[in-house]
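Okay, model02.txt now, which holds compact mmCIF, C-alpha atoms:
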```
# COMPACT_ATOMS: atom_id res chain seq x y z
CA SER A 15 -166.64 6.41 -63.05
CA GLY A 16 -162.97 6.41 -63.92
CA ASP A 17 -159.65 4.60 -64.07
CA THR A 18 -157.48 4.01 -61.03
CA ALA A 19 -153.98 2.57 -60.69
CA VAL A 20 -153.20 -0.22 -58.25
CA ASP A 21 -149.53 -0.74 -57.38
CA LEU A 22 -148.03 -3.81 -55.69
CA LYS A 23 -144.93 -3.22 -53.60
CA LEU A 24 -142.74 -5.78 -51.86
CA ASP A 25 -140.46 -4.45 -49.13
CA ASP A 26 -141.29 -0.97 -50.52
CA ASP A 27 -140.00 -1.92 -53.98
CA PRO A 28 -142.45 -1.68 -56.92
CA GLU A 29 -143.27 -5.15 -58.20
CA ASP A 30 -146.41 -4.85 -60.34
CA ASP A 31 -149.08 -2.34 -61.32
CA ARG A 32 -152.57 -2.67 -62.77
CA THR A 33 -155.25 -0.23 -63.97
CA HIS A 34 -158.91 -0.79 -63.08
CA HIS A 35 -161.96 0.99 -64.56
CA LEU A 36 -164.74 1.35 -62.03
CA GLU A 37 -168.22 2.82 -62.33
CA ALA A 38 -169.56 4.86 -59.45
CA GLY A 39 -170.25 2.56 -56.46
CA GLU A 40 -168.69 -0.49 -58.23
CA THR A 41 -166.10 -2.80 -56.64
CA ASP A 42 -163.58 -5.08 -58.34
CA SER A 43 -161.03 -7.73 -57.36
CA ASP A 44 -157.67 -8.78 -58.73
CA THR A 45 -154.92 -11.32 -58.00
CA PHE A 46 -151.22 -10.54 -57.96
CA GLU A 47 -148.61 -13.30 -58.12
CA TYR A 48 -144.94 -13.21 -57.12
CA ASP A 49 -142.34 -15.94 -57.39
CA LEU A 50 -140.33 -16.03 -54.20
CA GLU A 51 -136.59 -15.57 -54.51
CA HIS A 52 -133.61 -16.39 -52.33
CA GLY A 53 -133.23 -13.74 -49.68
CA ASP A 54 -136.95 -13.12 -49.23
CA GLU A 55 -136.94 -14.88 -45.86
CA PRO A 56 -137.76 -14.50 -43.04
CA GLU A 57 -140.63 -12.18 -43.99
CA LEU A 58 -141.86 -10.04 -46.85
CA ALA A 59 -143.69 -6.73 -46.50
CA VAL A 60 -146.55 -6.60 -49.02
CA SER A 61 -148.51 -3.45 -49.82
CA LEU A 62 -151.18 -2.42 -52.36
CA GLU A 63 -151.55 1.25 -53.13
CA THR A 64 -154.00 3.39 -55.09
CA PRO A 65 -153.88 7.19 -55.33
CA ASP A 66 -156.48 7.30 -52.58
CA ASP A 67 -155.74 4.38 -50.28
CA GLU A 68 -153.18 1.81 -49.13
CA ASP A 69 -153.24 -1.59 -47.44
CA ASP A 70 -150.30 -3.65 -46.26
CA THR A 71 -149.44 -6.93 -44.54
CA THR A 72 -146.42 -9.06 -43.65
CA VAL A 73 -145.95 -12.57 -45.05
CA ASP A 74 -143.69 -15.07 -43.29
CA VAL A 75 -141.32 -16.78 -45.72
CA GLU A 76 -139.79 -20.15 -44.87
CA PRO A 77 -136.33 -20.72 -46.39
CA ALA A 78 -135.78 -23.64 -48.77
CA THR A 79 -135.31 -26.89 -46.85
CA VAL A 80 -134.64 -30.03 -48.87
CA ASP A 81 -135.96 -33.12 -47.10
CA LEU A 82 -134.96 -36.60 -48.30
CA ASN A 83 -138.09 -38.73 -48.40
CA ALA A 84 -136.40 -41.96 -49.55
CA ILE A 85 -133.47 -43.30 -51.54
CA THR A 86 -133.41 -46.40 -53.76
CA THR A 87 -130.54 -48.12 -55.60
CA ASP A 88 -130.04 -50.68 -58.35
CA GLU A 89 -127.89 -52.93 -56.11
CA PRO A 90 -126.45 -55.51 -56.16
CA ILE A 91 -123.85 -54.62 -58.76
CA VAL A 92 -120.41 -55.98 -59.66
CA GLU A 93 -117.21 -54.06 -58.90
CA GLY A 94 -116.37 -51.74 -61.79
CA GLU A 95 -120.04 -51.12 -62.63
CA SER A 96 -122.03 -47.95 -61.92
CA LEU A 97 -124.31 -47.80 -58.88
CA GLU A 98 -127.35 -45.59 -59.50
CA VAL A 99 -129.00 -43.99 -56.47
CA THR A 100 -132.37 -42.26 -56.82
CA ALA A 101 -133.22 -39.73 -54.12
CA SER A 102 -136.82 -38.56 -53.67
CA VAL A 103 -136.72 -35.04 -52.23
CA THR A 104 -139.22 -32.34 -51.17
CA ASN A 105 -138.62 -28.64 -50.63
CA MET A 106 -140.35 -27.98 -47.30
CA GLY A 107 -139.75 -24.23 -47.53
CA ASP A 108 -141.41 -21.43 -49.49
CA GLU A 109 -138.39 -20.35 -51.50
CA PRO A 110 -136.92 -22.31 -54.43
CA SER A 111 -133.98 -24.48 -53.43
CA ASP A 112 -130.38 -23.91 -54.48
CA GLU A 113 -128.88 -26.86 -52.61
CA SER A 114 -126.93 -29.85 -53.86
CA LEU A 115 -127.25 -33.51 -52.93
CA GLU A 116 -124.06 -35.44 -52.15
CA LEU A 117 -123.57 -39.20 -52.50
CA ARG A 118 -121.03 -40.78 -50.14
CA SER A 119 -119.50 -44.23 -50.66
CA PHE A 120 -118.81 -46.91 -48.05
CA ASP A 121 -115.88 -44.97 -46.54
CA GLY A 122 -117.66 -41.60 -46.57
CA THR A 123 -115.96 -40.23 -49.68
CA VAL A 124 -118.14 -37.95 -51.82
CA VAL A 125 -118.45 -39.75 -55.17
CA ASP A 126 -121.12 -37.58 -56.82
CA ASP A 127 -123.11 -34.41 -56.25
CA GLU A 128 -126.09 -32.98 -58.10
CA PRO A 129 -127.88 -29.61 -57.75
CA VAL A 130 -131.51 -29.75 -56.65
CA GLU A 131 -133.81 -27.13 -58.15
CA ILE A 132 -137.27 -27.34 -56.60
CA ASP A 133 -139.88 -24.61 -56.11
CA GLY A 134 -141.19 -24.13 -52.61
CA GLY A 135 -143.39 -27.06 -51.62
CA GLY A 136 -142.36 -29.06 -54.68
CA SER A 137 -140.90 -32.56 -55.00
CA THR A 138 -138.60 -34.27 -57.46
CA ASP A 139 -136.37 -37.32 -57.97
CA THR A 140 -132.62 -36.85 -58.40
CA VAL A 141 -130.25 -39.57 -59.66
CA LEU A 142 -126.68 -39.79 -58.33
CA THR A 143 -124.03 -42.25 -59.55
CA TRP A 144 -121.08 -44.02 -57.95
CA GLU A 145 -118.61 -45.23 -60.59
CA THR A 146 -117.17 -48.15 -58.63
CA SER A 147 -113.68 -49.55 -59.16
CA GLU A 148 -111.97 -52.89 -58.63
CA GLY A 149 -111.79 -53.50 -54.90
CA ASP A 150 -114.98 -51.59 -54.00
CA THR A 151 -116.55 -54.86 -52.88
CA GLY A 152 -118.64 -55.76 -49.83
CA THR A 153 -121.93 -54.89 -48.18
CA ASP A 154 -122.19 -51.53 -46.42
CA ASP A 155 -124.17 -48.29 -46.29
CA ILE A 156 -124.09 -45.47 -48.81
CA THR A 157 -125.36 -42.03 -47.77
CA VAL A 158 -127.17 -39.22 -49.56
CA GLU A 159 -127.00 -35.81 -47.87
CA SER A 160 -128.61 -32.42 -48.31
CA GLU A 161 -127.77 -29.40 -46.17
CA SER A 162 -130.51 -30.30 -43.72
CA ASP A 163 -131.15 -34.03 -44.09
CA ASP A 164 -129.52 -37.37 -44.89
CA ARG A 165 -130.55 -40.93 -45.72
CA THR A 166 -128.63 -44.21 -45.85
CA ALA A 167 -129.20 -47.45 -47.75
CA GLY A 168 -127.49 -50.82 -47.65
CA VAL A 169 -125.65 -51.78 -50.83
CA THR A 170 -123.89 -54.95 -51.96
CA ILE A 171 -121.06 -54.77 -54.50
CA LEU A 172 -120.00 -58.21 -55.70
CA GLU A 173 -116.50 -59.32 -56.60
CA SER A 174 -116.15 -59.98 -60.33
CA ALA A 175 -115.24 -63.44 -61.63
CA THR A 176 -111.65 -64.28 -60.63
CA PHE A 177 -109.96 -67.20 -62.39
CA GLU A 178 -107.16 -68.75 -60.29
CA PRO A 179 -105.05 -71.41 -62.07
CA THR A 180 -103.30 -74.31 -60.34
CA ILE A 181 -100.89 -76.79 -61.96
CA ASP A 182 -101.93 -80.16 -60.54
CA THR A 183 -99.61 -82.67 -62.22
CA GLN A 184 -96.87 -82.57 -64.80
CA SER A 185 -94.14 -84.77 -66.20
CA GLU A 186 -91.33 -84.88 -63.64
CA SER A 187 -88.73 -84.65 -66.40
CA VAL A 188 -88.48 -85.03 -70.14
CA THR A 189 -85.75 -85.83 -72.62
CA GLU A 190 -85.25 -83.05 -75.11
CA GLY A 191 -86.47 -83.82 -78.59
CA GLU A 192 -87.98 -87.15 -77.52
CA ASP A 193 -90.68 -86.77 -74.85
CA ALA A 194 -93.96 -84.89 -74.73
CA LEU A 195 -94.56 -82.77 -71.63
CA GLU A 196 -98.08 -83.28 -70.21
CA VAL A 197 -99.64 -80.76 -67.82
CA ASP A 198 -102.94 -81.07 -65.92
CA ALA A 199 -104.35 -77.88 -64.40
CA THR A 200 -107.42 -76.61 -62.54
CA ILE A 201 -109.08 -73.23 -63.03
CA GLU A 202 -111.12 -72.11 -59.99
CA ASN A 203 -113.50 -69.13 -60.05
CA THR A 204 -113.04 -67.55 -56.60
CA GLY A 205 -115.14 -64.48 -57.47
CA GLU A 206 -118.83 -63.86 -56.82
CA GLN A 207 -119.95 -63.91 -60.45
CA ASP A 208 -119.91 -66.51 -63.22
CA GLY A 209 -117.28 -65.73 -65.83
CA THR A 210 -115.67 -66.61 -69.14
CA GLN A 211 -111.97 -66.15 -69.92
CA ASP A 212 -109.21 -67.44 -72.17
CA VAL A 213 -106.61 -69.65 -70.46
CA VAL A 214 -103.09 -69.59 -71.93
CA PHE A 215 -100.33 -72.21 -71.62
CA LEU A 216 -96.77 -70.87 -71.98
CA VAL A 217 -93.35 -72.53 -72.03
CA ASN A 218 -90.36 -70.28 -71.36
CA GLY A 219 -92.61 -67.28 -71.93
CA GLU A 220 -93.80 -68.46 -75.37
CA GLU A 221 -97.50 -69.09 -75.90
CA ILE A 222 -98.01 -72.75 -76.80
CA GLU A 223 -101.77 -73.19 -76.57
CA THR A 224 -104.89 -71.23 -75.61
CA LYS A 225 -108.16 -72.60 -74.30
CA PRO A 226 -110.61 -69.93 -75.51
CA ASP A 227 -113.79 -68.88 -73.71
CA LEU A 228 -113.55 -71.17 -70.70
CA THR A 229 -116.67 -70.64 -68.58
CA VAL A 230 -116.56 -71.32 -64.84
CA ASP A 231 -119.44 -70.62 -62.46
CA THR A 232 -118.76 -68.81 -59.21
CA GLY A 233 -117.29 -71.16 -56.62
CA GLU A 234 -116.69 -73.89 -59.20
CA SER A 235 -113.60 -75.35 -60.91
CA GLU A 236 -112.75 -76.74 -64.35
CA ALA A 237 -109.99 -79.22 -65.18
CA ILE A 238 -107.92 -78.64 -68.33
CA ALA A 239 -104.86 -80.28 -69.90
CA PHE A 240 -102.00 -79.10 -72.11
CA GLU A 241 -99.17 -80.84 -73.97
CA TYR A 242 -95.78 -79.67 -75.24
CA GLU A 243 -93.43 -81.59 -77.54
CA SER A 244 -89.91 -81.04 -76.23
CA GLU A 245 -87.19 -79.94 -78.63
CA VAL A 246 -83.44 -80.32 -78.77
CA GLY A 247 -81.94 -77.40 -76.87
CA ASP A 248 -84.76 -77.13 -74.30
CA GLY A 249 -82.42 -78.14 -71.46
CA PRO A 250 -81.56 -77.87 -68.70
CA GLU A 251 -85.11 -76.93 -67.63
CA LEU A 252 -88.39 -75.52 -68.88
CA GLU A 253 -90.55 -72.93 -67.11
CA LEU A 254 -94.26 -73.68 -67.47
CA ALA A 255 -96.98 -71.07 -66.95
CA ILE A 256 -100.78 -71.17 -66.88
CA GLU A 257 -102.17 -67.68 -67.34
CA THR A 258 -105.68 -66.19 -66.95
CA ALA A 259 -106.78 -62.57 -67.10
CA ASP A 260 -106.42 -62.44 -63.32
CA LYS A 261 -103.46 -64.57 -62.27
CA THR A 262 -100.52 -66.67 -63.45
CA THR A 263 -99.00 -69.80 -61.89
CA THR A 264 -95.61 -71.26 -62.86
CA GLN A 265 -93.53 -74.41 -62.35
CA THR A 266 -90.25 -75.77 -63.75
CA VAL A 267 -89.48 -79.13 -65.31
CA ASP A 268 -86.05 -80.71 -65.67
CA VAL A 269 -84.96 -81.49 -69.23
CA ASN A 270 -82.53 -84.33 -69.89
CA GLU A 271 -80.12 -84.27 -72.79
CA GLN A 272 -80.35 -86.96 -75.39
CA ALA A 273 -77.99 -89.92 -74.97
CA ASP A 274 -74.75 -89.44 -76.92
CA PHE A 275 -73.35 -92.68 -78.38
CA ASN A 276 -69.78 -92.63 -79.74
CA VAL A 277 -68.76 -95.46 -82.15
CA ALA A 278 -65.10 -96.50 -82.73
CA ILE A 279 -63.48 -99.51 -84.62
CA ASP A 280 -61.01 -101.14 -82.35
CA GLU A 281 -59.59 -103.84 -84.70
CA THR A 282 -60.37 -105.91 -87.77
CA ASN A 283 -59.26 -109.32 -89.09
CA ASP A 284 -57.44 -107.70 -91.93
CA PRO A 285 -56.08 -109.13 -94.16
CA VAL A 286 -58.68 -111.50 -95.44
CA VAL A 287 -58.57 -113.90 -98.41
```

Could you write out this file's structure as C-alpha cells?
Amino acid sequence: SGDTAVDLKLDDDPEDDRTHHLEAGETDSDTFEYDLEHGDEPELAVSLETPDDEDDTTVDVEPATVDLNAITTDEPIVEGESLEVTASVTNMGDEPSDESLELRSFDGTVVDDEPVEIDGGGSTDTVLTWETSEGDTGTDDITVESESDDRTAGVTILESATFEPTIDTQSESVTEGEDALEVDATIENTGEQDGTQDVVFLVNGEEIETKPDLTVDTGESEAIAFEYESEVGDGPELELAIETADKTTTQTVDVNEQADFNVAIDETNDPVV
C-alpha cells in the first residue's frame, strides 16, 4: 500500500494534482474538471500522469458560437418611447462566449449593443433598447446581430398625437373700442394616438385665452371659439393666432377707427330779449 500522485496536464501545462492512497491490488477512480477558456480551440491535449504511468488523449474544442433562437419586442410604441427587444441566444460552442449583440434600427444604424456572456452550451435572454426620437415612425424591420447569426422582427412605431389648428371664421373687421372680435376654430388630431393639449388664443402675440386640457382622439376634430374685446389703438389691424404644442395658425383682421364727430356753432339769434 502507499500514496501516489496523479497530475493533470493540459497542453503539457500542469492544471491539477491529486494524491490517492491505494492498498495492494486496489483500484480507484477520480474526476477532474476544467473550465474551458478562450484560445483552447481547436483541440486540447489532456494527459494524466503518475510516477509510474501516463495516459493522454486529445479533446476537440468548438469555439463559442452565439446563435439567435428568437427575438421579441414590445411593439407597437409611440415615437419618443423606448423599444425593448429581447433576444434569446444559445452558445453552440464549447468555450464561453465573449461576443456582443447589436441592435439595428429601420435604417440599419446600430442603436444598442450588449455583451453576451454564456458558458459553452448555455442559453440566456439579452435585452436591447432603441431610444426612439420624433420622426422614427412607420412599420419596418429591426435586426439583432451576433458575429455568426442575425434575426429580424417587424416593428410599428406610431406617430404621437399632433394637434393642427385651423381658423374657420372670424369677424371681417371690427371698430376699435366698440366691437368684439369672434373667432371659430377647429383642432384636428392628425397623429396616430389620442392626445390632450392646451390651446392658446393670441392677439398681436399676447395671450388672450387658453382652453386647457383639450382632448382629441386620433383622426378626430374639436370645434372651439374665442372672443376678444377690441380696444382703442388696436388699428389698423390685428394678428390672430391659435397655438397648440405642435403648430400655430395665424390670420389678420382689419380694425376701423372710431368715428370722429366735430361740433361747431355757426350762428345764434343773439341778442335776445

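Using all atoms listed in the file, the shortest contact distance between A:Leu22 and any of A:Glu206, A:Glu68, A:Ala259, A:Val73 is found at A:Glu68.
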
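From atom CA of A:Asp121 back to atom CA of A:Glu178, the distance works out to 28.8 Å.
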
Taking only C-alpha atoms into account, which of A:Pro110, A:Gly39, A:Gly152, A:Pro179 comes nearest A:Glu236?
A:Pro179

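Across the model, the gap from atom CA of A:Glu131 to atom CA of A:Asn105 is 9.1 Å.
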
Tell me which protein, DNA and RNA residues are within 7 Å of A:Thr153, counting all atoms listed in the file, leaving out same-chain ones fewer than 5 positions away, and put them as a PyMOL selection string.
chain A and resi 168-171

For atom CA of A:Glu186 and atom CA of A:Glu271, the interatomic separation in Å (one decimal):
14.5 Å

Name the residues in contact with A:Glu116 at a cut-off of 6 Å, using only C-alpha atoms, excluding same-chain residues fewer than 3 positions from it; report them as a PyMOL selection string.
chain A and resi 126-127+158-159

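Each of A:Thr138, A:Thr86, A:Thr71, A:Ser147 was checked against A:Thr104 using only C-alpha atoms; the smallest atom-to-atom distance is that of A:Thr138.
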
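If all atoms listed in the file are the atoms counted, then among A:Ala239, A:Ile201, A:Ile156, A:Val80 the closest residue to A:Thr176 is A:Ile201.
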
Counting all atoms listed in the file, which of A:Phe120, A:Phe240, A:Phe46, A:Phe177 gets nearest to A:Thr204?
A:Phe177

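Using only C-alpha atoms, the shortest contact distance between A:Met106 and any of A:Thr72, A:Ser187, A:Thr79, A:Thr232 is found at A:Thr79.
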
Anything within 6 Å of (-137.2, -25.6, -52.7): list those residues as a PyMOL selection string, counting only C-alpha atoms and sticking to the file's coordinates.
chain A and resi 78+105+107+109-111+132-134

Might you pull out every residue within 10 Å of A:Gly191, with all atoms listed in the file counted and same-chain residues fewer than 2 positions away left off, and present them as a VMD selection string?
chain A and resid 188 to 189 193 to 194 243 to 249 269 to 272

With C-alpha atoms kept, could you save the residues just selected as a CSV table (one decimal), in the frame of the given file?
```csv
chain,number,residue,atom,x,y,z
A,188,VAL,CA,-88.5,-85.0,-70.1
A,189,THR,CA,-85.8,-85.8,-72.6
A,193,ASP,CA,-90.7,-86.8,-74.8
A,194,ALA,CA,-94.0,-84.9,-74.7
A,243,GLU,CA,-93.4,-81.6,-77.5
A,244,SER,CA,-89.9,-81.0,-76.2
A,245,GLU,CA,-87.2,-79.9,-78.6
A,246,VAL,CA,-83.4,-80.3,-78.8
A,247,GLY,CA,-81.9,-77.4,-76.9
A,248,ASP,CA,-84.8,-77.1,-74.3
A,249,GLY,CA,-82.4,-78.1,-71.5
A,269,VAL,CA,-85.0,-81.5,-69.2
A,270,ASN,CA,-82.5,-84.3,-69.9
A,271,GLU,CA,-80.1,-84.3,-72.8
A,272,GLN,CA,-80.4,-87.0,-75.4
```

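Within 6 Å of the point (-115.1, -69.7, -57.7) in file coordinates, and counting only C-alpha atoms, lie the residues A:Glu202, A:Asn203, A:Thr204, A:Gly205, A:Thr232, A:Gly233, A:Glu234.
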
Could you work out an axis-aligned bounding box for all listed atoms of stretch 140-145 of chain A, with 5 Å added on each of the six sides, and give its centre and edge lengths in Å to one decimal, as JSON?
```
{"center_x": -125.6, "center_y": -41.0, "center_z": -59.3, "size_x": 24.0, "size_y": 18.4, "size_z": 12.6}
```
